[in-house]
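Asker: Below: one structure in structure tokens.
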Amino acid sequence: YQRRVHGEIGDGTTGVVVLAGSLLEQAEPLLDKGIHPIRVAEGYERACEIAVAELQRIADKFEYSANNLEPLIETAMSTLSSKIVNQYKRHIAEICVKAVLSVADLERKDVNLDLIKLEGKAGGRLEETCLVDGIVIDKDISHPQMVKEIIDARIAILTCPFEPPKPKTKHKLDISTPEQYNQLHQQEQEYFRKMVQLCKDAGTTLAICQWGFDDEANHLLMSNHLPAIRWVGGVEIELIAIATGGRIVPRFEELTAEKLGKAGKVREVAFGTTKDRMVFIENCSNSKAVTIFVRGGNKMIVEEAKRSIHDALCVVRNLVRDDRIVYGGGAAEISCGLAVHAAAEKIATVEQYAMRAFGDALDAIPIALAENSGLPPIESLTVTKALQVKHNNPHLGIDCMDAGTNDMKEQKVHETLLAKIQQLRLATQMTKMILKIDDVITEDVTA
């Protein structure tokens, strides 16, 4: 389920697990009272829909524009607050917002996150993370004497190898004299020359090849002043084709000037003393594809930062899709819990018990937040709940950051409505699925 949330809404995976665990915990005493699991599941379903309706009621419209990105940055910062990168959350939130808006279709309210590539390299500091207007590939230019920076590049994207054609059947070639060997060598060289010439004739200034090529072909490319990159993966090839507006060419004979990709600048960058190199393809003709290049002290930090950035990207994408927000710090859950308890009083059937249990389960989120912040959990929850009822203000939550106010609107702790609704529904569905299991048969390991 965590994986499902990660794919569906990107953020809030921990919240789903905490809520589902709490729902199951609340269901146990109901089952002990003799209430049928199906009735409990139905009660949870009804309570979930009431909670969703309450979320939609308390949601605020989120005003942002291309000239005013601050609201989006603040929401991304809320997501990054609980992550390993929280020290540099402002810098990373700005990168995430710029990345999403550069690939977003604001008219259709759609974002294709596949166009945002996350690439990382250990070494360096987290604050050196940057947004590259183009593609970063973890390869180097194939020959050390080839040029390392190409301005106004014309890129041939090839899925055919730089090597002589291989016969499909088994074959044997007998060479008995030096002349025959030289003839075979000349023939092989001719194949390479023809391939390089076809690239040059099309106007290629950089060849990107999905397959490798041997040292001989590499030397020939270098002597013909044609820089090349080899062993570029299929996904990266497609992304380069999208970004540069080029066509993927399966045969050298099909290569024409129209099929070449265009980029303002291609450069090879070396990192530190480790001789690690990467290629940056920047200012692409179709700048819809961008790369967030993550740096960090070691591989674990880089991977964790990538996961955090993915969550922030998903939050910004959700806001582009639906610009309504609710407030964090457990404020939304407390408000939903109060609404569910109020609705449960009007239900005359057994489901009333399950709905009350759902309302109690929602308290697990603010309690967990208070515990993690070093506050007294029950006291913090009861005080905040009483304040919400007294002032009829659904923006009041747990003051985790000790800012001196419980108003999450004032603290700018936002969460997307889309994500919060999805969290409630997924946790409810998961609990229903487990409640419907009659019995678990396990193998006796002692036998």
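We name chains A, B, ... following the order of the structure tokens; residues begin at 1 in each chain, and ligands are numbered from 1 as shown.
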Please provide as a PyMOL selection string all residues within 12 Å of Pro71 of chain A, with the sequence filter that same-chain residues fewer than 2 positions apart are discarded (counting only C-alpha atoms).
Answerer: chain A and resi 61-69+73-78+93-94+97+316+319-320+323-325+409+412-416
Asker: Could you name the residues that touch Ile208 of chain A at 6 Å or less, counting only C-alpha atoms, but leaving out those on the same chain fewer than 2 positions away, as a list in words?
Answerer: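 Neighbouring residues, sequence-local ones excluded: Ile157, Ala228 and Ile229 of chain A.
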Asker: I'd like a table as a tab-separated table: residues in segment 227-328 of chain A with an atom no more than 8 Å from segment 211-222 of chain A, each row giving the shortest atom pair and its distance in Å to one decimal, only C-alpha atoms counted, sorted by chain and rising residue number.
Answerer:
residue	atom	partner	partner_atom	distance
A:Pro227	CA	A:Met222	CA	6.5
A:Ala228	CA	A:Leu221	CA	7.4
A:Arg230	CA	A:Gly212	CA	5.2
A:Trp231	CA	A:Trp211	CA	5.0
A:Val232	CA	A:Trp211	CA	7.2
Asker: Output the selection as a compact mmCIF listing (two decimals), in the first residue's frame - N, CA, C and O atoms for each residue.
Answerer:
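Output file selection-v7.txt follows:
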# COMPACT_ATOMS: atom_id res chain seq x y z
N PRO A 227 32.73 13.62 -31.76
CA PRO A 227 32.60 13.11 -30.38
C PRO A 227 31.44 12.12 -30.27
O PRO A 227 30.43 12.25 -30.99
N ALA A 228 31.59 11.15 -29.38
CA ALA A 228 30.55 10.13 -29.24
C ALA A 228 30.40 9.72 -27.78
O ALA A 228 31.32 9.83 -26.99
N ARG A 230 28.87 6.31 -25.65
CA ARG A 230 28.39 4.93 -25.88
C ARG A 230 27.69 4.37 -24.64
O ARG A 230 27.80 4.91 -23.56
N TRP A 231 26.99 3.24 -24.85
CA TRP A 231 26.28 2.52 -23.79
C TRP A 231 25.25 3.39 -23.06
O TRP A 231 25.14 3.36 -21.85
N VAL A 232 24.49 4.17 -23.82
CA VAL A 232 23.43 4.99 -23.22
C VAL A 232 22.14 4.15 -23.19
O VAL A 232 21.74 3.61 -24.22
Asker: Within 12 Å of Val383 of chain A, counting only C-alpha atoms, which residues qualify if same-chain residues fewer than 6 places away don't, as a VMD selection string?
Answerer: chain A and resid 334 366 to 367 370 376 to 377 389 to 390 396 to 399 406
Asker: Please provide the set of residues having any atom within 7 Å of Gln26 of chain A, restricted to only C-alpha atoms, with same-chain residues fewer than 3 positions apart removed, written as a list in words.
Answerer: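 What passes the distance filter is Ser22, Leu23, Pro29, Ala357 and Ala361 of chain A.
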Asker: May I have all residues of segment 285-325 of chain A that DSSP, computed from the backbone, assigns to helix (DSSP H, G or I), given as number ranges by chain?
Answerer: A: 299-321
Asker: Could you pull the residues within 9 Å of Ala368 of chain A, counting only C-alpha atoms, minus those fewer than 4 positions along the same chain, as a ChimeraX atom specification?
Answerer: /A:18,363-364,372-373,377
Asker: So that I have them on file, write out the residues from the current selection with C-alpha atoms, as a PDB file, in the first residue's frame.
Answerer:
ATOM      1  CA  VAL A  18      -0.343   5.085  10.811  1.00  0.00           C
ATOM      2  CA  ASP A 363      -6.696  11.077  16.389  1.00  0.00           C
ATOM      3  CA  ALA A 364      -3.659   8.802  15.814  1.00  0.00           C
ATOM      4  CA  ASN A 372       7.492  13.097  17.610  1.00  0.00           C
ATOM      5  CA  SER A 373       7.754  16.772  18.589  1.00  0.00           C
ATOM      6  CA  PRO A 377       0.361  13.767  23.173  1.00  0.00           C
TER       7      PRO A 377
END
Asker: Point out the residue among A:Lys98, A:Arg39, A:Arg267, A:Arg317 with the least atom-to-atom distance to Val290 of chain A, counting only C-alpha atoms.
Answerer: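 Among the listed residues, A:Lys98 lies closest to Val290 of chain A.
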Asker: Between A:Arg108, A:Lys148, A:Arg46, A:Lys139, which has the minimum distance to Glu268 of chain A (counting only C-alpha atoms)?
Answerer: A:Lys148
Asker: Quick one: residues within 7 Å of segment 418-433 of chain A, only C-alpha atoms, excluding same-chain residues fewer than 3 positions away - as a list in words?
Answerer: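 These residues fall inside the cut-off: Ile9, Gly12, Val16, Leu19, Ala20, Leu23, Leu24, Ala41, Tyr44, Glu45, Cys48, Val52, Asn318, Asp322 and Lys436 of chain A.
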Asker: Enter the distance from atom CA of Thr349 of chain A to atom CA of Pro37 of chain A, in Å, rounded to one decimal.
Answerer: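 Calculated distance between atom CA of Thr349 of chain A and atom CA of Pro37 of chain A is 14.4 Å.
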Asker: Any idea what's packed within 10 Å of Glu236 of chain A, counting only C-alpha atoms, ignoring anything in its chain fewer than 3 positions away? Could you give it as number ranges by chain?
Answerer: A: 117, 135-138, 210, 232-233, 239-242
Asker: For each of A:Ala305, A:Val100, A:Ile84, A:Ala331, take the minimum atom-to-atom distance to Asp407 of chain A, counting only C-alpha atoms, then give the residue where this is smallest.
Answerer: A:Ala331
Asker: Identify which of the residues A:Ala122, A:Ile58, A:Ala263, A:Leu80 lies closest to Met300 of chain A, counting only C-alpha atoms when measuring atom-to-atom distances.
Answerer: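 Smallest distance to Met300 of chain A is found for A:Ala122.
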Asker: What does the structure give for the distance between atom CA of Gly359 of chain A and atom CA of Lys346 of chain A, in Å to one decimal?
Answerer: 14.3 Å
Asker: Quick one: of A:Leu118, A:Met408, A:Ile155, A:Leu101, who's nearest to Glu258 of chain A, counting only C-alpha atoms?
Answerer: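 For Glu258 of chain A, the nearest of the candidates is A:Ile155.
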Asker: What are the DSSP strand (DSSP E or B) residues of segment 52-266 of chain A, as a PyMOL selection string?
Answerer: chain A and resi 60-61+65+68+104-105+110-111+116-123+130-132+134-137+149-158+206-209+228-229+248-249+261-266
Asker: Could you please take those selected residues and save C-alpha atoms as a CSV table (one decimal), in the first residue's frame?
Answerer:
chain,number,residue,atom,x,y,z
A,60,ASP,CA,-9.1,26.5,0.8
A,61,LYS,CA,-8.5,27.6,-2.8
A,65,SER,CA,0.5,32.1,-10.8
A,68,ASN,CA,3.8,34.3,-7.8
A,104,ALA,CA,3.5,21.3,-16.7
A,105,ASP,CA,0.7,21.9,-19.2
A,110,ASP,CA,-1.5,18.1,-16.3
A,111,VAL,CA,2.1,17.3,-15.4
A,116,ILE,CA,11.8,15.3,-14.8
A,117,LYS,CA,14.8,13.1,-14.4
A,118,LEU,CA,16.4,12.6,-11.0
A,119,GLU,CA,20.2,12.0,-11.2
A,120,GLY,CA,22.6,11.9,-8.3
A,121,LYS,CA,26.3,11.8,-7.6
A,122,ALA,CA,27.9,11.1,-4.2
A,123,GLY,CA,30.5,13.7,-3.1
A,130,CYS,CA,20.8,22.1,-8.9
A,131,LEU,CA,18.3,22.1,-11.7
A,132,VAL,CA,19.7,21.4,-15.2
A,134,GLY,CA,18.1,19.5,-20.1
A,135,ILE,CA,19.4,16.0,-19.5
A,136,VAL,CA,22.2,14.6,-17.4
A,137,ILE,CA,23.6,11.2,-18.3
A,149,GLU,CA,32.2,20.9,-24.8
A,150,ILE,CA,30.0,21.2,-28.0
A,151,ILE,CA,28.1,24.4,-28.6
A,152,ASP,CA,25.0,24.3,-30.8
A,153,ALA,CA,25.2,20.5,-31.0
A,154,ARG,CA,23.5,18.4,-33.7
A,155,ILE,CA,22.9,15.0,-32.1
A,156,ALA,CA,22.6,11.7,-33.9
A,157,ILE,CA,20.6,9.3,-31.6
A,158,LEU,CA,21.6,5.8,-32.7
A,206,LEU,CA,27.7,14.4,-31.5
A,207,ALA,CA,26.8,10.7,-31.8
A,208,ILE,CA,24.9,9.1,-28.9
A,209,CYS,CA,24.9,5.3,-29.3
A,228,ALA,CA,30.5,10.1,-29.2
A,229,ILE,CA,28.9,8.7,-26.1
A,248,ILE,CA,15.9,7.6,-32.7
A,249,VAL,CA,17.7,6.1,-35.8
A,261,GLY,CA,18.4,16.4,-32.2
A,262,LYS,CA,19.4,20.0,-31.3
A,263,ALA,CA,20.9,21.2,-28.0
A,264,GLY,CA,22.5,24.6,-27.2
A,265,LYS,CA,25.3,23.1,-25.3
A,266,VAL,CA,26.7,19.6,-24.5
